Structures are given as C-alpha cells and as structure tokens.
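Raw data-v4.cif, mmCIF, N, CA and C atoms:
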```cif
data_model
loop_
_atom_site.label_atom_id
_atom_site.label_comp_id
_atom_site.auth_asym_id
_atom_site.auth_seq_id
_atom_site.Cartn_x
_atom_site.Cartn_y
_atom_site.Cartn_z
N MET A 1 -15.53 32.93 39.52
CA MET A 1 -16.76 32.15 39.58
C MET A 1 -16.44 30.77 40.13
N ARG A 2 -17.17 30.35 41.09
CA ARG A 2 -16.96 29.03 41.69
C ARG A 2 -17.95 28.06 41.05
N ILE A 3 -17.46 26.96 40.56
CA ILE A 3 -18.30 25.95 39.92
C ILE A 3 -18.68 24.91 40.96
N ILE A 4 -19.97 24.72 41.11
CA ILE A 4 -20.48 23.75 42.08
C ILE A 4 -20.78 22.46 41.33
N LYS A 5 -20.22 21.37 41.75
CA LYS A 5 -20.44 20.08 41.08
C LYS A 5 -21.75 19.46 41.58
N TYR A 6 -22.47 18.88 40.63
CA TYR A 6 -23.70 18.19 40.96
C TYR A 6 -23.70 16.90 40.14
N GLY A 7 -23.40 15.82 40.77
CA GLY A 7 -23.29 14.54 40.06
C GLY A 7 -22.16 14.63 39.06
N SER A 8 -22.40 14.18 37.84
CA SER A 8 -21.35 14.19 36.82
C SER A 8 -21.36 15.48 36.01
N GLN A 9 -22.36 16.30 36.22
CA GLN A 9 -22.43 17.59 35.48
C GLN A 9 -22.13 18.73 36.44
N THR A 10 -21.73 19.84 35.87
CA THR A 10 -21.50 21.02 36.69
C THR A 10 -22.62 22.01 36.45
N VAL A 11 -22.79 22.89 37.39
CA VAL A 11 -23.79 23.94 37.25
C VAL A 11 -23.46 24.79 36.03
N ALA A 12 -22.18 25.05 35.79
CA ALA A 12 -21.78 25.84 34.62
C ALA A 12 -22.22 25.18 33.32
N THR A 13 -22.08 23.87 33.23
CA THR A 13 -22.49 23.14 32.04
C THR A 13 -24.00 23.26 31.83
N VAL A 14 -24.75 23.14 32.88
CA VAL A 14 -26.21 23.25 32.80
C VAL A 14 -26.60 24.66 32.34
N LEU A 15 -25.93 25.68 32.90
CA LEU A 15 -26.23 27.05 32.50
C LEU A 15 -25.92 27.29 31.03
N ILE A 16 -24.80 26.73 30.57
CA ILE A 16 -24.44 26.88 29.15
C ILE A 16 -25.48 26.20 28.27
N LEU A 17 -25.90 25.01 28.64
CA LEU A 17 -26.90 24.29 27.86
C LEU A 17 -28.22 25.06 27.81
N LEU A 18 -28.63 25.62 28.94
CA LEU A 18 -29.86 26.42 28.97
C LEU A 18 -29.75 27.64 28.07
N SER A 19 -28.59 28.28 28.07
CA SER A 19 -28.37 29.44 27.20
C SER A 19 -28.48 29.06 25.74
N VAL A 20 -27.88 27.93 25.37
CA VAL A 20 -27.94 27.47 23.98
C VAL A 20 -29.37 27.14 23.59
N LEU A 21 -30.11 26.48 24.48
CA LEU A 21 -31.50 26.14 24.18
C LEU A 21 -32.36 27.38 24.01
N CYS A 22 -32.17 28.37 24.87
CA CYS A 22 -32.93 29.62 24.76
C CYS A 22 -32.61 30.35 23.47
N ALA A 23 -31.34 30.40 23.11
CA ALA A 23 -30.94 31.05 21.86
C ALA A 23 -31.51 30.29 20.67
N GLY A 24 -31.50 28.97 20.75
CA GLY A 24 -32.04 28.16 19.66
C GLY A 24 -33.52 28.38 19.46
N SER A 25 -34.29 28.52 20.55
CA SER A 25 -35.72 28.75 20.39
C SER A 25 -35.99 30.15 19.84
N ALA A 26 -35.15 31.12 20.17
CA ALA A 26 -35.31 32.47 19.60
C ALA A 26 -35.03 32.44 18.11
N LEU A 27 -33.99 31.71 17.69
CA LEU A 27 -33.68 31.60 16.27
C LEU A 27 -34.77 30.85 15.52
N ALA A 28 -35.40 29.87 16.15
CA ALA A 28 -36.46 29.11 15.50
C ALA A 28 -37.65 30.00 15.18
N GLN A 29 -37.84 31.08 15.91
CA GLN A 29 -38.95 32.00 15.66
C GLN A 29 -38.60 33.02 14.58
N ASP A 30 -37.37 33.03 14.12
CA ASP A 30 -36.91 33.95 13.09
C ASP A 30 -36.87 33.18 11.76
N PRO A 31 -37.88 33.37 10.91
CA PRO A 31 -37.93 32.60 9.66
C PRO A 31 -36.67 32.77 8.81
N THR A 32 -36.33 31.72 8.10
CA THR A 32 -35.20 31.76 7.19
C THR A 32 -35.65 31.46 5.78
N CYS A 33 -34.91 31.97 4.82
CA CYS A 33 -35.18 31.73 3.41
C CYS A 33 -34.89 30.27 3.10
N HIS A 34 -35.80 29.64 2.40
CA HIS A 34 -35.68 28.22 2.04
C HIS A 34 -34.47 27.95 1.15
N TYR A 35 -34.05 28.92 0.37
CA TYR A 35 -32.99 28.69 -0.60
C TYR A 35 -31.60 29.09 -0.11
N CYS A 36 -31.49 30.15 0.65
CA CYS A 36 -30.16 30.62 1.03
C CYS A 36 -29.94 30.68 2.54
N GLY A 37 -31.01 30.53 3.33
CA GLY A 37 -30.87 30.52 4.77
C GLY A 37 -30.83 31.88 5.44
N MET A 38 -30.96 32.96 4.67
CA MET A 38 -30.93 34.30 5.28
C MET A 38 -32.15 34.47 6.20
N ARG A 39 -31.94 35.18 7.30
CA ARG A 39 -32.99 35.36 8.30
C ARG A 39 -33.82 36.62 8.05
N LYS A 40 -35.10 36.50 8.34
CA LYS A 40 -36.01 37.63 8.15
C LYS A 40 -35.58 38.81 9.02
N SER A 41 -35.08 38.55 10.20
CA SER A 41 -34.68 39.65 11.08
C SER A 41 -33.60 40.52 10.45
N MET A 42 -32.80 39.95 9.58
CA MET A 42 -31.74 40.70 8.93
C MET A 42 -32.15 41.24 7.55
N PHE A 43 -33.15 40.64 6.94
CA PHE A 43 -33.53 41.01 5.58
C PHE A 43 -35.01 41.34 5.46
N GLY A 44 -35.58 41.91 6.52
CA GLY A 44 -36.99 42.31 6.50
C GLY A 44 -37.28 43.37 5.46
N HIS A 45 -36.27 44.14 5.07
CA HIS A 45 -36.44 45.21 4.08
C HIS A 45 -36.56 44.68 2.66
N SER A 46 -36.34 43.37 2.47
CA SER A 46 -36.48 42.77 1.14
C SER A 46 -37.28 41.47 1.19
N TRP A 47 -37.81 41.11 2.36
CA TRP A 47 -38.49 39.84 2.58
C TRP A 47 -39.75 39.73 1.73
N VAL A 48 -39.91 38.62 1.04
CA VAL A 48 -41.08 38.37 0.19
C VAL A 48 -41.87 37.20 0.78
N VAL A 49 -43.19 37.35 0.83
CA VAL A 49 -44.07 36.27 1.26
C VAL A 49 -45.01 35.94 0.11
N LEU A 50 -44.98 34.66 -0.30
CA LEU A 50 -45.89 34.17 -1.32
C LEU A 50 -47.01 33.42 -0.61
N GLU A 51 -48.25 33.78 -0.94
CA GLU A 51 -49.40 33.09 -0.35
C GLU A 51 -50.08 32.29 -1.45
N TYR A 52 -50.43 31.04 -1.12
CA TYR A 52 -51.04 30.13 -2.09
C TYR A 52 -52.50 29.93 -1.79
N GLU A 53 -53.28 29.51 -2.83
CA GLU A 53 -54.72 29.34 -2.66
C GLU A 53 -55.06 28.28 -1.63
N VAL A 54 -54.16 27.37 -1.32
CA VAL A 54 -54.41 26.34 -0.32
C VAL A 54 -54.15 26.85 1.09
N GLY A 55 -53.73 28.11 1.22
CA GLY A 55 -53.49 28.71 2.53
C GLY A 55 -52.05 28.66 2.98
N ALA A 56 -51.21 27.95 2.26
CA ALA A 56 -49.79 27.87 2.63
C ALA A 56 -49.09 29.18 2.28
N LYS A 57 -47.98 29.44 2.97
CA LYS A 57 -47.17 30.63 2.72
C LYS A 57 -45.70 30.22 2.62
N ALA A 58 -44.96 30.98 1.82
CA ALA A 58 -43.51 30.78 1.74
C ALA A 58 -42.85 32.13 1.95
N GLY A 59 -41.93 32.20 2.90
CA GLY A 59 -41.18 33.43 3.17
C GLY A 59 -39.79 33.30 2.60
N LEU A 60 -39.38 34.31 1.83
CA LEU A 60 -38.09 34.27 1.14
C LEU A 60 -37.38 35.60 1.31
N CYS A 61 -36.04 35.57 1.27
CA CYS A 61 -35.25 36.75 1.61
C CYS A 61 -35.33 37.88 0.59
N SER A 62 -35.73 37.58 -0.63
CA SER A 62 -35.63 38.59 -1.69
C SER A 62 -36.51 38.22 -2.87
N ILE A 63 -36.67 39.16 -3.77
CA ILE A 63 -37.40 38.90 -5.00
C ILE A 63 -36.67 37.82 -5.80
N HIS A 64 -35.34 37.77 -5.71
CA HIS A 64 -34.55 36.76 -6.42
C HIS A 64 -34.94 35.34 -5.97
N CYS A 65 -34.90 35.10 -4.67
CA CYS A 65 -35.25 33.77 -4.17
C CYS A 65 -36.74 33.47 -4.36
N ALA A 66 -37.58 34.51 -4.32
CA ALA A 66 -39.01 34.32 -4.58
C ALA A 66 -39.25 33.84 -6.01
N VAL A 67 -38.53 34.40 -6.96
CA VAL A 67 -38.68 34.00 -8.36
C VAL A 67 -38.21 32.56 -8.55
N ILE A 68 -37.13 32.18 -7.89
CA ILE A 68 -36.68 30.79 -7.94
C ILE A 68 -37.78 29.88 -7.42
N HIS A 69 -38.37 30.26 -6.29
CA HIS A 69 -39.44 29.46 -5.69
C HIS A 69 -40.64 29.35 -6.63
N MET A 70 -41.01 30.46 -7.24
CA MET A 70 -42.15 30.44 -8.17
C MET A 70 -41.86 29.53 -9.36
N ALA A 71 -40.64 29.59 -9.88
CA ALA A 71 -40.27 28.77 -11.04
C ALA A 71 -40.28 27.28 -10.70
N LEU A 72 -39.94 26.94 -9.47
CA LEU A 72 -39.92 25.53 -9.06
C LEU A 72 -41.26 25.04 -8.52
N SER A 73 -42.22 25.94 -8.40
CA SER A 73 -43.53 25.57 -7.83
C SER A 73 -44.67 25.98 -8.76
N THR A 74 -44.53 25.76 -10.03
CA THR A 74 -45.53 26.22 -11.00
C THR A 74 -46.89 25.55 -10.84
N GLU A 75 -46.93 24.41 -10.17
CA GLU A 75 -48.21 23.71 -9.98
C GLU A 75 -49.06 24.35 -8.89
N ARG A 76 -48.49 25.28 -8.12
CA ARG A 76 -49.22 25.92 -7.03
C ARG A 76 -49.66 27.32 -7.44
N MET A 77 -50.93 27.64 -7.21
CA MET A 77 -51.48 28.94 -7.57
C MET A 77 -51.20 29.97 -6.48
N ILE A 78 -50.48 31.02 -6.84
CA ILE A 78 -50.18 32.11 -5.90
C ILE A 78 -51.36 33.07 -5.90
N THR A 79 -51.84 33.43 -4.71
CA THR A 79 -52.95 34.36 -4.61
C THR A 79 -52.52 35.75 -4.17
N LYS A 80 -51.36 35.86 -3.53
CA LYS A 80 -50.91 37.15 -3.04
C LYS A 80 -49.40 37.14 -2.86
N VAL A 81 -48.77 38.27 -3.17
CA VAL A 81 -47.34 38.43 -2.95
C VAL A 81 -47.15 39.73 -2.17
N THR A 82 -46.46 39.62 -1.04
CA THR A 82 -46.11 40.82 -0.28
C THR A 82 -44.59 40.91 -0.21
N VAL A 83 -44.12 42.13 0.01
CA VAL A 83 -42.68 42.39 0.09
C VAL A 83 -42.43 43.40 1.20
N GLY A 84 -41.26 43.34 1.78
CA GLY A 84 -40.91 44.28 2.84
C GLY A 84 -40.63 45.66 2.28
N ASP A 85 -41.28 46.67 2.85
CA ASP A 85 -40.97 48.06 2.49
C ASP A 85 -39.53 48.33 2.92
N TYR A 86 -38.74 48.90 2.02
CA TYR A 86 -37.32 49.13 2.28
C TYR A 86 -37.09 49.95 3.55
N ASN A 87 -37.94 50.93 3.81
CA ASN A 87 -37.75 51.83 4.96
C ASN A 87 -38.30 51.28 6.27
N THR A 88 -39.48 50.67 6.22
CA THR A 88 -40.16 50.27 7.46
C THR A 88 -40.15 48.77 7.73
N ARG A 89 -39.82 47.96 6.74
CA ARG A 89 -39.84 46.49 6.81
C ARG A 89 -41.26 45.95 6.87
N GLU A 90 -42.27 46.79 6.77
CA GLU A 90 -43.66 46.37 6.77
C GLU A 90 -43.94 45.59 5.48
N GLN A 91 -44.67 44.47 5.60
CA GLN A 91 -45.05 43.71 4.41
C GLN A 91 -46.13 44.49 3.66
N ILE A 92 -45.88 44.75 2.37
CA ILE A 92 -46.82 45.51 1.55
C ILE A 92 -47.12 44.70 0.29
N ASP A 93 -48.21 45.02 -0.37
CA ASP A 93 -48.59 44.36 -1.61
C ASP A 93 -47.53 44.62 -2.67
N ALA A 94 -46.93 43.56 -3.19
CA ALA A 94 -45.82 43.70 -4.15
C ALA A 94 -46.25 44.36 -5.45
N GLU A 95 -47.47 44.12 -5.89
CA GLU A 95 -47.94 44.69 -7.14
C GLU A 95 -48.27 46.18 -7.02
N ARG A 96 -48.60 46.62 -5.83
CA ARG A 96 -48.91 48.03 -5.60
C ARG A 96 -47.70 48.84 -5.12
N ALA A 97 -46.63 48.14 -4.81
CA ALA A 97 -45.42 48.81 -4.31
C ALA A 97 -44.79 49.66 -5.40
N TYR A 98 -44.04 50.65 -4.97
CA TYR A 98 -43.24 51.47 -5.88
C TYR A 98 -41.84 50.85 -5.86
N TRP A 99 -41.42 50.29 -6.95
CA TRP A 99 -40.16 49.57 -7.03
C TRP A 99 -39.05 50.46 -7.57
N VAL A 100 -37.84 50.20 -7.10
CA VAL A 100 -36.64 50.87 -7.61
C VAL A 100 -35.66 49.77 -7.99
N ILE A 101 -35.13 49.86 -9.20
CA ILE A 101 -34.10 48.91 -9.64
C ILE A 101 -32.79 49.67 -9.78
N GLY A 102 -31.74 49.08 -9.20
CA GLY A 102 -30.41 49.68 -9.30
C GLY A 102 -30.11 50.61 -8.15
N GLY A 103 -29.13 51.46 -8.37
CA GLY A 103 -28.67 52.36 -7.32
C GLY A 103 -27.38 51.84 -6.72
N ASN A 104 -26.87 52.58 -5.73
CA ASN A 104 -25.58 52.21 -5.17
C ASN A 104 -25.67 51.37 -3.89
N LYS A 105 -26.86 50.93 -3.49
CA LYS A 105 -27.02 50.03 -2.35
C LYS A 105 -26.94 48.60 -2.85
N MET A 106 -26.13 47.79 -2.17
CA MET A 106 -26.00 46.39 -2.56
C MET A 106 -27.33 45.66 -2.44
N GLY A 107 -27.70 44.93 -3.47
CA GLY A 107 -28.94 44.18 -3.48
C GLY A 107 -28.84 42.90 -2.66
N VAL A 108 -29.98 42.26 -2.47
CA VAL A 108 -30.04 41.00 -1.75
C VAL A 108 -30.14 39.87 -2.77
N MET A 109 -29.12 39.03 -2.83
CA MET A 109 -29.04 37.88 -3.72
C MET A 109 -29.04 38.27 -5.21
N THR A 110 -28.59 39.47 -5.52
CA THR A 110 -28.57 39.92 -6.90
C THR A 110 -27.51 41.01 -7.07
N ALA A 111 -26.99 41.10 -8.28
CA ALA A 111 -26.01 42.15 -8.57
C ALA A 111 -26.70 43.49 -8.79
N ARG A 112 -27.94 43.47 -9.28
CA ARG A 112 -28.70 44.69 -9.51
C ARG A 112 -29.85 44.74 -8.51
N ALA A 113 -29.75 45.66 -7.57
CA ALA A 113 -30.71 45.74 -6.47
C ALA A 113 -32.14 46.01 -6.96
N LYS A 114 -33.08 45.47 -6.20
CA LYS A 114 -34.51 45.70 -6.44
C LYS A 114 -35.15 45.95 -5.09
N TRP A 115 -35.67 47.16 -4.89
CA TRP A 115 -36.25 47.55 -3.61
C TRP A 115 -37.70 47.97 -3.79
N ALA A 116 -38.53 47.68 -2.79
CA ALA A 116 -39.95 48.05 -2.82
C ALA A 116 -40.22 49.11 -1.76
N PHE A 117 -41.14 50.02 -2.09
CA PHE A 117 -41.52 51.10 -1.19
C PHE A 117 -43.03 51.21 -1.15
N LYS A 118 -43.56 51.51 0.02
CA LYS A 118 -45.00 51.66 0.17
C LYS A 118 -45.50 52.92 -0.53
N THR A 119 -44.66 53.97 -0.53
CA THR A 119 -45.09 55.24 -1.12
C THR A 119 -44.15 55.66 -2.25
N LYS A 120 -44.69 56.43 -3.16
CA LYS A 120 -43.89 56.98 -4.25
C LYS A 120 -42.84 57.92 -3.68
N ASP A 121 -43.20 58.66 -2.65
CA ASP A 121 -42.25 59.57 -2.00
C ASP A 121 -41.04 58.81 -1.46
N GLY A 122 -41.28 57.65 -0.85
CA GLY A 122 -40.18 56.83 -0.35
C GLY A 122 -39.25 56.38 -1.46
N ALA A 123 -39.83 55.96 -2.58
CA ALA A 123 -39.03 55.53 -3.73
C ALA A 123 -38.26 56.71 -4.31
N ASP A 124 -38.93 57.85 -4.44
CA ASP A 124 -38.27 59.03 -5.00
C ASP A 124 -37.10 59.50 -4.13
N LYS A 125 -37.27 59.47 -2.82
CA LYS A 125 -36.19 59.86 -1.91
C LYS A 125 -35.00 58.90 -2.04
N PHE A 126 -35.31 57.61 -2.15
CA PHE A 126 -34.23 56.63 -2.33
C PHE A 126 -33.46 56.91 -3.61
N ILE A 127 -34.18 57.15 -4.70
CA ILE A 127 -33.53 57.42 -5.99
C ILE A 127 -32.67 58.68 -5.90
N ALA A 128 -33.17 59.72 -5.23
CA ALA A 128 -32.41 60.96 -5.09
C ALA A 128 -31.12 60.75 -4.29
N GLN A 129 -31.17 59.88 -3.29
CA GLN A 129 -30.01 59.65 -2.43
C GLN A 129 -29.07 58.56 -2.94
N SER A 130 -29.65 57.51 -3.54
CA SER A 130 -28.85 56.33 -3.86
C SER A 130 -28.85 55.93 -5.33
N GLY A 131 -29.64 56.63 -6.14
CA GLY A 131 -29.70 56.28 -7.55
C GLY A 131 -30.73 55.19 -7.81
N GLY A 132 -30.69 54.66 -9.02
CA GLY A 132 -31.67 53.67 -9.44
C GLY A 132 -32.73 54.30 -10.29
N ARG A 133 -33.67 53.47 -10.73
CA ARG A 133 -34.77 53.97 -11.56
C ARG A 133 -36.08 53.36 -11.10
N PRO A 134 -37.18 54.08 -11.31
CA PRO A 134 -38.49 53.53 -10.94
C PRO A 134 -38.80 52.30 -11.79
N ALA A 135 -39.55 51.37 -11.22
CA ALA A 135 -39.91 50.16 -11.94
C ALA A 135 -41.24 49.62 -11.41
N THR A 136 -41.77 48.66 -12.13
CA THR A 136 -42.98 47.97 -11.71
C THR A 136 -42.60 46.64 -11.09
N TYR A 137 -43.56 45.99 -10.47
CA TYR A 137 -43.34 44.65 -9.91
C TYR A 137 -42.92 43.69 -11.02
N GLU A 138 -43.58 43.77 -12.16
CA GLU A 138 -43.25 42.87 -13.27
C GLU A 138 -41.80 43.04 -13.71
N GLU A 139 -41.32 44.28 -13.75
CA GLU A 139 -39.92 44.51 -14.11
C GLU A 139 -38.97 43.93 -13.07
N ALA A 140 -39.33 44.08 -11.80
CA ALA A 140 -38.49 43.54 -10.73
C ALA A 140 -38.41 42.03 -10.80
N VAL A 141 -39.51 41.38 -11.15
CA VAL A 141 -39.54 39.93 -11.26
C VAL A 141 -38.68 39.46 -12.44
N LYS A 142 -38.70 40.21 -13.53
CA LYS A 142 -37.89 39.84 -14.71
C LYS A 142 -36.43 39.97 -14.40
#
```
Represent the structure from my file as structure tokens, please.
Amino acid sequence: MRIIKYGSQTVATVLILLSVLCAGSALAQDPTCHYCGMRKSMFGHSWVVLEYEVGAKAGLCSIHCAVIHMALSTERMITKVTVGDYNTREQIDAERAYWVIGGNKMGVMTARAKWAFKTKDGADKFIAQSGGRPATYEEAVK
C-alpha cells in the first residue's frame, strides 16, 4: 500500500480516523447497561426494559441489574417491565413470561440463572435440555 501525503496528515491516518468514527457511531446505537456496561447486542436474551409513568425508559442487561435499578429509583413509578425472550431476544412482558431459574447455562450477572420465555413450551424445552425449574416473575426478582 502506498501512502500519499497530504499536508501534515496522511491518507492512511484519515482512513483510520474515519473507521474509528464509523465504529464509534455503530456502538453508540447499541445500548449498554447503566450498571455494568454490557451491550444489548450481546445480551438481548436477558435484556430488561423498565418503563416509567413519565415516559422514560431504562435498558439493563439482566433481571439482576434491573432489580438494582429499581431499588435505587424507588421514587419513580414503573408502569411496564419487558424482558428479552431467551430464544428470540424479542422484548416480552416480564409478568406474563414463563421464567426458568437455574439450570446449567451461566446466568447474566448472577450465579443462579434466570431466563424468560414467551411460551411455556419454550421454557419446558429449556428445562428438559438444560435443567432449572419453572418460576414466576416475582420469584425471579427475589
């Protein structure tokens, strides 16, 4: 590769800077957990979104970080909680989800995994393959 000089900068330097800027803007569109910095693109299967009555939202990597956020934000009224379906990463209603606690899959930010599924069949298949037990949203939060 031949580097063409342009003033005090080189074309190679400009190309590198453009690459970094493009990568940075792509990362900026990938939400991160407020507490641990994990990215939604990597943890969509456990991503929790808390919606508040004022219209604000908080995206967090796991039920663990969501509970921390709830404990530190007791003055704010939560109107809706969604969680990523373990299989599809689709945000689903956390209270209606079929939860599984435990199993042999490593949890996100916890020693005892907590996974949400849109369907009972999805939860049952996970339990058959990886272990764990059925649970409610309230149990997962505890």
Running the PyMOL selection byres (((chain A and resi 88 and name CA) around 12) and name CA) on this model by hand, what would come out? Give it as a ChimeraX atom specification. /A:43-47,83-87,89-92,116-119,122
With distances taken over only C-alpha atoms, the candidate from A:Val141, A:Leu50, A:Ala71, A:Cys65 nearest Ile101 of chain A is A:Val141
From a DSSP calculation on the backbone, collect every residue of chain A in strand (DSSP E) and output the set as a ChimeraX atom specification. /A:5-6,9-10,48-52,57-60,78-84,91-93,98-101,114-117,133-135
So that I have them on file, write out the residues from the current selection with N, CA and C atoms, as a CSV table (one decimal), keeping the file's coordinate frame.
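So again_11.csv came out as:
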```csv
chain,number,residue,atom,x,y,z
A,5,LYS,N,-20.2,21.4,41.8
A,5,LYS,CA,-20.4,20.1,41.1
A,5,LYS,C,-21.8,19.5,41.6
A,6,TYR,N,-22.5,18.9,40.6
A,6,TYR,CA,-23.7,18.2,41.0
A,6,TYR,C,-23.7,16.9,40.1
A,9,GLN,N,-22.4,16.3,36.2
A,9,GLN,CA,-22.4,17.6,35.5
A,9,GLN,C,-22.1,18.7,36.4
A,10,THR,N,-21.7,19.8,35.9
A,10,THR,CA,-21.5,21.0,36.7
A,10,THR,C,-22.6,22.0,36.4
A,48,VAL,N,-39.9,38.6,1.0
A,48,VAL,CA,-41.1,38.4,0.2
A,48,VAL,C,-41.9,37.2,0.8
A,49,VAL,N,-43.2,37.4,0.8
A,49,VAL,CA,-44.1,36.3,1.3
A,49,VAL,C,-45.0,35.9,0.1
A,50,LEU,N,-45.0,34.7,-0.3
A,50,LEU,CA,-45.9,34.2,-1.3
A,50,LEU,C,-47.0,33.4,-0.6
A,51,GLU,N,-48.2,33.8,-0.9
A,51,GLU,CA,-49.4,33.1,-0.4
A,51,GLU,C,-50.1,32.3,-1.4
A,52,TYR,N,-50.4,31.0,-1.1
A,52,TYR,CA,-51.0,30.1,-2.1
A,52,TYR,C,-52.5,29.9,-1.8
A,57,LYS,N,-48.0,29.4,3.0
A,57,LYS,CA,-47.2,30.6,2.7
A,57,LYS,C,-45.7,30.2,2.6
A,58,ALA,N,-45.0,31.0,1.8
A,58,ALA,CA,-43.5,30.8,1.7
A,58,ALA,C,-42.8,32.1,2.0
A,59,GLY,N,-41.9,32.2,2.9
A,59,GLY,CA,-41.2,33.4,3.2
A,59,GLY,C,-39.8,33.3,2.6
A,60,LEU,N,-39.4,34.3,1.8
A,60,LEU,CA,-38.1,34.3,1.1
A,60,LEU,C,-37.4,35.6,1.3
A,78,ILE,N,-50.5,31.0,-6.8
A,78,ILE,CA,-50.2,32.1,-5.9
A,78,ILE,C,-51.4,33.1,-5.9
A,79,THR,N,-51.8,33.4,-4.7
A,79,THR,CA,-53.0,34.4,-4.6
A,79,THR,C,-52.5,35.8,-4.2
A,80,LYS,N,-51.4,35.9,-3.5
A,80,LYS,CA,-50.9,37.2,-3.0
A,80,LYS,C,-49.4,37.1,-2.9
A,81,VAL,N,-48.8,38.3,-3.2
A,81,VAL,CA,-47.3,38.4,-3.0
A,81,VAL,C,-47.2,39.7,-2.2
A,82,THR,N,-46.5,39.6,-1.0
A,82,THR,CA,-46.1,40.8,-0.3
A,82,THR,C,-44.6,40.9,-0.2
A,83,VAL,N,-44.1,42.1,0.0
A,83,VAL,CA,-42.7,42.4,0.1
A,83,VAL,C,-42.4,43.4,1.2
A,84,GLY,N,-41.3,43.3,1.8
A,84,GLY,CA,-40.9,44.3,2.8
A,84,GLY,C,-40.6,45.7,2.3
A,91,GLN,N,-44.7,44.5,5.6
A,91,GLN,CA,-45.0,43.7,4.4
A,91,GLN,C,-46.1,44.5,3.7
A,92,ILE,N,-45.9,44.8,2.4
A,92,ILE,CA,-46.8,45.5,1.6
A,92,ILE,C,-47.1,44.7,0.3
A,93,ASP,N,-48.2,45.0,-0.4
A,93,ASP,CA,-48.6,44.4,-1.6
A,93,ASP,C,-47.5,44.6,-2.7
A,98,TYR,N,-44.0,50.6,-5.0
A,98,TYR,CA,-43.2,51.5,-5.9
A,98,TYR,C,-41.8,50.8,-5.9
A,99,TRP,N,-41.4,50.3,-7.0
A,99,TRP,CA,-40.2,49.6,-7.0
A,99,TRP,C,-39.0,50.5,-7.6
A,100,VAL,N,-37.8,50.2,-7.1
A,100,VAL,CA,-36.6,50.9,-7.6
A,100,VAL,C,-35.7,49.8,-8.0
A,101,ILE,N,-35.1,49.9,-9.2
A,101,ILE,CA,-34.1,48.9,-9.6
A,101,ILE,C,-32.8,49.7,-9.8
A,114,LYS,N,-33.1,45.5,-6.2
A,114,LYS,CA,-34.5,45.7,-6.4
A,114,LYS,C,-35.2,46.0,-5.1
A,115,TRP,N,-35.7,47.2,-4.9
A,115,TRP,CA,-36.2,47.6,-3.6
A,115,TRP,C,-37.7,48.0,-3.8
A,116,ALA,N,-38.5,47.7,-2.8
A,116,ALA,CA,-40.0,48.0,-2.8
A,116,ALA,C,-40.2,49.1,-1.8
A,117,PHE,N,-41.1,50.0,-2.1
A,117,PHE,CA,-41.5,51.1,-1.2
A,117,PHE,C,-43.0,51.2,-1.2
A,133,ARG,N,-33.7,53.5,-10.7
A,133,ARG,CA,-34.8,54.0,-11.6
A,133,ARG,C,-36.1,53.4,-11.1
A,134,PRO,N,-37.2,54.1,-11.3
A,134,PRO,CA,-38.5,53.5,-10.9
A,134,PRO,C,-38.8,52.3,-11.8
A,135,ALA,N,-39.6,51.4,-11.2
A,135,ALA,CA,-39.9,50.2,-11.9
A,135,ALA,C,-41.2,49.6,-11.4
```
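Against the coordinates shown, the PyMOL selection byres ((chain A and resi 106-111) around 7) returns A:Cys61, A:Ser62, A:Ile63, A:His64, A:Cys65, A:Gly103, A:Asn104, A:Lys105, A:Arg112, A:Ala113, A:Lys114.
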Give me every helix (DSSP H, G or I) residue in chain A, going by DSSP on the backbone, as a ChimeraX atom specification. /A:11-28,40-43,63-72,120-130,137-141
Resolved residues for the PyMOL selection byres ((chain A and resi 33) around 8) as a list in words: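 This file, filtered by the PyMOL selection byres ((chain A and resi 33) around 8), leaves Asp30, Pro31, Thr32, His34, Tyr35, Cys36, Gly37, Met38, Arg39, Lys40, Ala58, Gly59, Leu60, Cys61, Ser62 and Cys65 of chain A.
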Residue among A:Ile78, A:Ala56, A:Ile68, A:Ala128 lying closest to Lys142 of chain A, counting only C-alpha atoms: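 Using only C-alpha atoms, the shortest distance to Lys142 of chain A belongs to A:Ile68.
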Just checking: using only C-alpha atoms, which residue out of A:Arg76, A:Val100, A:Asp121, A:Ala94 ends up closest to Tyr137 of chain A?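 Checking each candidate against Tyr137 of chain A, we get A:Ala94 as the closest.
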Pick out the closest residue to Glu51 of chain A from this set: A:Lys80, A:Arg96, A:Arg133, A:Lys125. Count all atoms listed in the file. A:Lys80
